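Notes to accompany the following structure.
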Amino acid sequence: PINAPSPFEMDNLCKSRLPIINIIDLIATGQEFRMKYMSDIPKIEAYLKSYIDSFDGLKLHGKLYIQDEKNPTVIMMHGYHSAADFEFAGIYEYFYDRGWNFILCDQRAHGQSEGEYLTFGVKENKDCYEWVKFIKGRTDGDIYLMGISMGCSTVLMTLQNELPENVKGVIADCGFTTPEEIVRKVVGEDYSLPDGILMPFLRFFGKNIGGCDFN
């Protein structure tokens, strides 16, 4: 039988298989710093390079690992300025060892996916919905959505779409409340800028250039 991991198992798995680095510090830093550690992460080479077209015309990339089309598939969405290979290291190996399928998705404007702007889940949730349809067309098993940080909010926002019945659950790890709240945090805490003054400009930029409403 195929059993999902318990929180205790997942916690111990990450502690035992991730490289010996301060993972909390890495999550809070830039993508370039994280990439230095990619060579230390266990790799599973047998994957299919997969692409979908987003609703607004971008080509999005993912690494698809199919072992048995009848087994469950986990769609994995990474966070802000990160990579799925990095954030799900150890976790995807757990699923692989148990015969599950999974896909490591490059969010728009990340990795090998097209796009100039990210939208903190506003457009990304529609991308995730397209990945759901992609997986449904290639497997017969249940589908689970899994996300970390911005990826977490992405998969939670995906629930507003009309999902197929075989989407059975969401694994949500440290998401944020709204896109506007996380934009305020990034501006105010990460860049030490006055969010109260900048937010009207950022909302204008989001709507007129990024094509999204942070509210």
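Naming works like this for the structure tokens: A, B, ... for the chains as they're shown, residue 1 at the start of each chain, ligands 1 onward in shown order.
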
List the spatial neighbours of range 142-148 of chain A as an NGL selection string - criterion: any atom at most 6 Å away, only C-alpha atoms, same-chain residues fewer than 2 positions off excluded. :A and (72-79 or 151-152 or 166-173)

For the selection just defined, write its residues with C-alpha atoms to a file, as a tab-separated table (two decimals), in the first residue's frame.
chain	number	residue	atom	x	y	z
A	72	PRO	CA	-0.23	9.31	-6.81
A	73	THR	CA	1.59	12.35	-8.21
A	74	VAL	CA	2.77	15.35	-6.19
A	75	ILE	CA	2.98	18.75	-7.93
A	76	MET	CA	5.74	20.72	-6.16
A	77	MET	CA	5.83	24.53	-6.28
A	78	HIS	CA	8.84	26.39	-4.88
A	79	GLY	CA	9.08	29.79	-3.23
A	151	GLY	CA	4.68	28.09	-3.54
A	152	CYS	CA	2.50	27.33	-0.53
A	166	ASN	CA	-8.61	13.16	-8.21
A	167	VAL	CA	-6.92	16.18	-6.58
A	168	LYS	CA	-7.04	14.80	-3.05
A	169	GLY	CA	-5.05	17.18	-0.90
A	170	VAL	CA	-2.63	20.04	-0.37
A	171	ILE	CA	0.61	20.07	1.61
A	172	ALA	CA	1.02	23.74	2.59
A	173	ASP	CA	4.32	24.84	4.16

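We find CA of Thr154 in chain A and CA of Phe95 in chain A to be spaced 21.0 Å apart.
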
Could you name the residues that touch Gly196 in chain A at 12 Å or less, counting only C-alpha atoms, but leaving out those on the same chain fewer than 2 positions away, as a JSON list (two decimals) with all heavy atoms, in the first residue's frame?
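Written file, out_20.json:
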[["chain", "number", "residue", "atom", "x", "y", "z"],
["A", 180, "GLU", "N", -0.43, 41.20, -1.00],
["A", 180, "GLU", "CA", -0.04, 42.53, -0.56],
["A", 180, "GLU", "C", 0.74, 42.49, 0.75],
["A", 180, "GLU", "O", 1.71, 43.23, 0.93],
["A", 180, "GLU", "CB", -1.25, 43.44, -0.39],
["A", 180, "GLU", "CG", -0.89, 44.80, 0.21],
["A", 180, "GLU", "CD", -1.79, 45.93, -0.23],
["A", 180, "GLU", "OE1", -2.45, 45.80, -1.27],
["A", 180, "GLU", "OE2", -1.80, 46.95, 0.47],
["A", 181, "GLU", "N", 0.35, 41.62, 1.67],
["A", 181, "GLU", "CA", 1.06, 41.53, 2.94],
["A", 181, "GLU", "C", 2.50, 41.08, 2.75],
["A", 181, "GLU", "O", 3.41, 41.58, 3.41],
["A", 181, "GLU", "CB", 0.33, 40.58, 3.89],
["A", 181, "GLU", "CG", -0.97, 41.13, 4.46],
["A", 181, "GLU", "CD", -0.77, 42.40, 5.25],
["A", 181, "GLU", "OE1", 0.19, 42.47, 6.04],
["A", 181, "GLU", "OE2", -1.56, 43.35, 5.06],
["A", 183, "VAL", "N", 4.29, 41.46, -0.01],
["A", 183, "VAL", "CA", 5.00, 42.55, -0.69],
["A", 183, "VAL", "C", 5.44, 43.59, 0.33],
["A", 183, "VAL", "O", 6.57, 44.08, 0.31],
["A", 183, "VAL", "CB", 4.12, 43.18, -1.79],
["A", 183, "VAL", "CG1", 4.77, 44.46, -2.31],
["A", 183, "VAL", "CG2", 3.91, 42.19, -2.94],
["A", 184, "ARG", "N", 4.54, 43.93, 1.26],
["A", 184, "ARG", "CA", 4.90, 44.87, 2.33],
["A", 184, "ARG", "C", 6.08, 44.36, 3.15],
["A", 184, "ARG", "O", 6.99, 45.11, 3.51],
["A", 184, "ARG", "CB", 3.70, 45.11, 3.25],
["A", 184, "ARG", "CG", 2.61, 45.99, 2.66],
["A", 184, "ARG", "CD", 1.51, 46.23, 3.67],
["A", 184, "ARG", "NE", 0.46, 47.09, 3.14],
["A", 184, "ARG", "CZ", 0.51, 48.42, 3.14],
["A", 184, "ARG", "NH1", 1.56, 49.04, 3.67],
["A", 184, "ARG", "NH2", -0.49, 49.13, 2.65],
["A", 185, "LYS", "N", 6.07, 43.07, 3.45],
["A", 185, "LYS", "CA", 7.16, 42.49, 4.25],
["A", 185, "LYS", "C", 8.48, 42.55, 3.50],
["A", 185, "LYS", "O", 9.51, 42.94, 4.06],
["A", 185, "LYS", "CB", 6.85, 41.04, 4.61],
["A", 185, "LYS", "CG", 7.96, 40.37, 5.42],
["A", 185, "LYS", "CD", 7.70, 38.90, 5.64],
["A", 185, "LYS", "CE", 8.80, 38.27, 6.49],
["A", 185, "LYS", "NZ", 10.16, 38.42, 5.86],
["A", 187, "VAL", "N", 9.36, 44.54, 1.06],
["A", 187, "VAL", "CA", 9.80, 45.94, 0.92],
["A", 187, "VAL", "C", 10.31, 46.49, 2.25],
["A", 187, "VAL", "O", 11.38, 47.09, 2.34],
["A", 187, "VAL", "CB", 8.65, 46.81, 0.38],
["A", 187, "VAL", "CG1", 9.00, 48.29, 0.48],
["A", 187, "VAL", "CG2", 8.35, 46.43, -1.06],
["A", 188, "GLY", "N", 9.52, 46.28, 3.32],
["A", 188, "GLY", "CA", 9.85, 46.88, 4.61],
["A", 188, "GLY", "C", 10.97, 46.18, 5.35],
["A", 188, "GLY", "O", 11.90, 46.84, 5.86],
["A", 192, "SER", "N", 14.35, 47.27, 3.77],
["A", 192, "SER", "CA", 14.35, 48.43, 4.69],
["A", 192, "SER", "C", 13.86, 49.71, 4.01],
["A", 192, "SER", "O", 14.42, 50.79, 4.19],
["A", 192, "SER", "CB", 15.76, 48.65, 5.25],
["A", 192, "SER", "OG", 16.21, 47.51, 5.95],
["A", 193, "LEU", "N", 12.80, 49.58, 3.23],
["A", 193, "LEU", "CA", 12.21, 50.71, 2.55],
["A", 193, "LEU", "C", 10.84, 51.02, 3.15],
["A", 193, "LEU", "O", 10.19, 50.13, 3.70],
["A", 193, "LEU", "CB", 12.07, 50.42, 1.05],
["A", 193, "LEU", "CG", 13.38, 50.18, 0.30],
["A", 193, "LEU", "CD1", 13.10, 49.71, -1.13],
["A", 193, "LEU", "CD2", 14.23, 51.45, 0.28],
["A", 194, "PRO", "N", 10.37, 52.26, 3.05],
["A", 194, "PRO", "CA", 9.06, 52.64, 3.63],
["A", 194, "PRO", "C", 7.90, 52.08, 2.82],
["A", 194, "PRO", "O", 7.51, 52.64, 1.80],
["A", 194, "PRO", "CB", 9.10, 54.17, 3.60],
["A", 194, "PRO", "CG", 10.01, 54.50, 2.46],
["A", 194, "PRO", "CD", 11.05, 53.42, 2.44],
["A", 198, "LEU", "N", 5.71, 53.41, -0.57],
["A", 198, "LEU", "CA", 5.95, 52.72, -1.83],
["A", 198, "LEU", "C", 4.76, 51.89, -2.33],
["A", 198, "LEU", "O", 4.65, 51.63, -3.53],
["A", 198, "LEU", "CB", 7.17, 51.81, -1.70],
["A", 198, "LEU", "CG", 8.52, 52.51, -1.59],
["A", 198, "LEU", "CD1", 9.62, 51.49, -1.37],
["A", 198, "LEU", "CD2", 8.81, 53.34, -2.84],
["A", 199, "MET", "N", 3.89, 51.47, -1.43],
["A", 199, "MET", "CA", 2.82, 50.56, -1.84],
["A", 199, "MET", "C", 1.93, 51.10, -2.96],
["A", 199, "MET", "O", 1.58, 50.35, -3.88],
["A", 199, "MET", "CB", 1.97, 50.15, -0.65],
["A", 199, "MET", "CG", 2.58, 49.04, 0.20],
["A", 199, "MET", "SD", 3.18, 47.61, -0.74],
["A", 199, "MET", "CE", 1.67, 47.01, -1.51],
["A", 200, "PRO", "N", 1.54, 52.40, -2.96],
["A", 200, "PRO", "CA", 0.73, 52.88, -4.09],
["A", 200, "PRO", "C", 1.44, 52.72, -5.43],
["A", 200, "PRO", "O", 0.82, 52.36, -6.44],
["A", 200, "PRO", "CB", 0.51, 54.36, -3.76],
["A", 200, "PRO", "CG", 0.61, 54.42, -2.27],
["A", 200, "PRO", "CD", 1.67, 53.42, -1.91],
["A", 201, "PHE", "N", 2.77, 52.94, -5.45],
["A", 201, "PHE", "CA", 3.54, 52.78, -6.68],
["A", 201, "PHE", "C", 3.64, 51.31, -7.06],
["A", 201, "PHE", "O", 3.57, 50.96, -8.24],
["A", 201, "PHE", "CB", 4.93, 53.39, -6.50],
["A", 201, "PHE", "CG", 4.93, 54.86, -6.23],
["A", 201, "PHE", "CD1", 5.03, 55.34, -4.94],
["A", 201, "PHE", "CD2", 4.80, 55.77, -7.28],
["A", 201, "PHE", "CE1", 5.02, 56.71, -4.68],
["A", 201, "PHE", "CE2", 4.78, 57.14, -7.03],
["A", 201, "PHE", "CZ", 4.88, 57.61, -5.73],
["A", 202, "LEU", "N", 3.81, 50.45, -6.05],
["A", 202, "LEU", "CA", 3.92, 49.03, -6.31],
["A", 202, "LEU", "C", 2.59, 48.46, -6.82],
["A", 202, "LEU", "O", 2.57, 47.58, -7.68],
["A", 202, "LEU", "CB", 4.37, 48.29, -5.06],
["A", 202, "LEU", "CG", 5.79, 48.60, -4.60],
["A", 202, "LEU", "CD1", 6.09, 47.93, -3.25],
["A", 202, "LEU", "CD2", 6.81, 48.15, -5.64],
["A", 203, "ARG", "N", 1.47, 48.96, -6.27],
["A", 203, "ARG", "CA", 0.17, 48.52, -6.77],
["A", 203, "ARG", "C", -0.01, 48.95, -8.23],
["A", 203, "ARG", "O", -0.51, 48.18, -9.05],
["A", 203, "ARG", "CB", -0.96, 49.12, -5.92],
["A", 203, "ARG", "CG", -1.04, 48.57, -4.50],
["A", 203, "ARG", "CD", -2.33, 49.00, -3.84],
["A", 203, "ARG", "NE", -2.27, 48.83, -2.40],
["A", 203, "ARG", "CZ", -2.02, 49.81, -1.53],
["A", 203, "ARG", "NH1", -1.83, 51.05, -1.98],
["A", 203, "ARG", "NH2", -1.98, 49.58, -0.24]]

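When only C-alpha atoms are used to compute distances to Lys136 in chain A, the closest of the residues A:Leu159, A:Arg98, A:Glu69, A:Ile182 turns out to be A:Glu69.
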
Rank A:Glu165, A:Asp213, A:Asp195, A:Glu45 by their smallest atom-to-atom distance to Ile66 in chain A, using only C-alpha atoms, and report the top residue only. A:Glu45

Run DSSP on the backbone of this structure and report the residues of range 111-157 of chain A it assigns to strand (DSSP E), as a ChimeraX atom specification. /A:143-148

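Relative to CA of Arg138 in chain A, CA of Ser82 in chain A is found at 26.8 Å.
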
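Counting only C-alpha atoms and comparing A:Ile103, A:Ile197, A:Ile91, A:Leu60, the residue that lies closest to Ala46 in chain A is A:Ile103.
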
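Distance annotation: of A:Tyr51, A:Tyr191, A:Phe204, A:Tyr80, the residue with the minimal separation from Cys105 in chain A is A:Tyr51; atom set is only C-alpha atoms.
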
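Atom pair CA of Phe55 in chain A / CA of Asp106 in chain A: separated by 15.7 Å.
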
Show me, as a PDB file with N, CA and C atoms, in the first residue's frame, the residues that have an atom within 10 Å of Phe134 in chain A when counting only C-alpha atoms, minus same-chain residues fewer than 5 positions from it.
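Result written to out.pdb:
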ATOM      1  N   SER A  50       9.457  18.704 -19.075  1.00  0.00           N
ATOM      2  CA  SER A  50       8.061  18.913 -19.450  1.00  0.00           C
ATOM      3  C   SER A  50       7.755  20.404 -19.549  1.00  0.00           C
ATOM      4  N   TYR A  51       6.847  20.749 -20.454  1.00  0.00           N
ATOM      5  CA  TYR A  51       6.499  22.150 -20.672  1.00  0.00           C
ATOM      6  C   TYR A  51       4.983  22.286 -20.816  1.00  0.00           C
ATOM      7  N   ILE A  52       4.474  23.385 -20.306  1.00  0.00           N
ATOM      8  CA  ILE A  52       3.083  23.757 -20.535  1.00  0.00           C
ATOM      9  C   ILE A  52       3.048  25.211 -20.969  1.00  0.00           C
ATOM     10  N   CYS A 128      -0.306  26.700 -11.726  1.00  0.00           N
ATOM     11  CA  CYS A 128      -0.427  25.430 -11.013  1.00  0.00           C
ATOM     12  C   CYS A 128      -1.646  24.648 -11.519  1.00  0.00           C
ATOM     13  N   TYR A 129      -2.721  25.349 -11.777  1.00  0.00           N
ATOM     14  CA  TYR A 129      -3.926  24.705 -12.321  1.00  0.00           C
ATOM     15  C   TYR A 129      -3.626  24.053 -13.670  1.00  0.00           C
ATOM     16  N   THR A 139      -1.437  10.707 -16.042  1.00  0.00           N
ATOM     17  CA  THR A 139      -1.461   9.691 -14.988  1.00  0.00           C
ATOM     18  C   THR A 139      -2.909   9.356 -14.632  1.00  0.00           C
TER      19      THR A 139
END

At a cut-off of 9 Å, using only C-alpha atoms, what residues contact Ile44 in chain A? Leave out same-chain residues fewer than 5 positions from it and give the result as a list of chain:residue names. A:Tyr65, A:Glu93, A:Tyr96

Please give the complete set of residues from range 135-211 of chain A that DSSP, run on the backbone, assigns to helix (DSSP H, G or I), formatted as a ChimeraX atom specification. /A:135-136,150-158,179-190,195-208
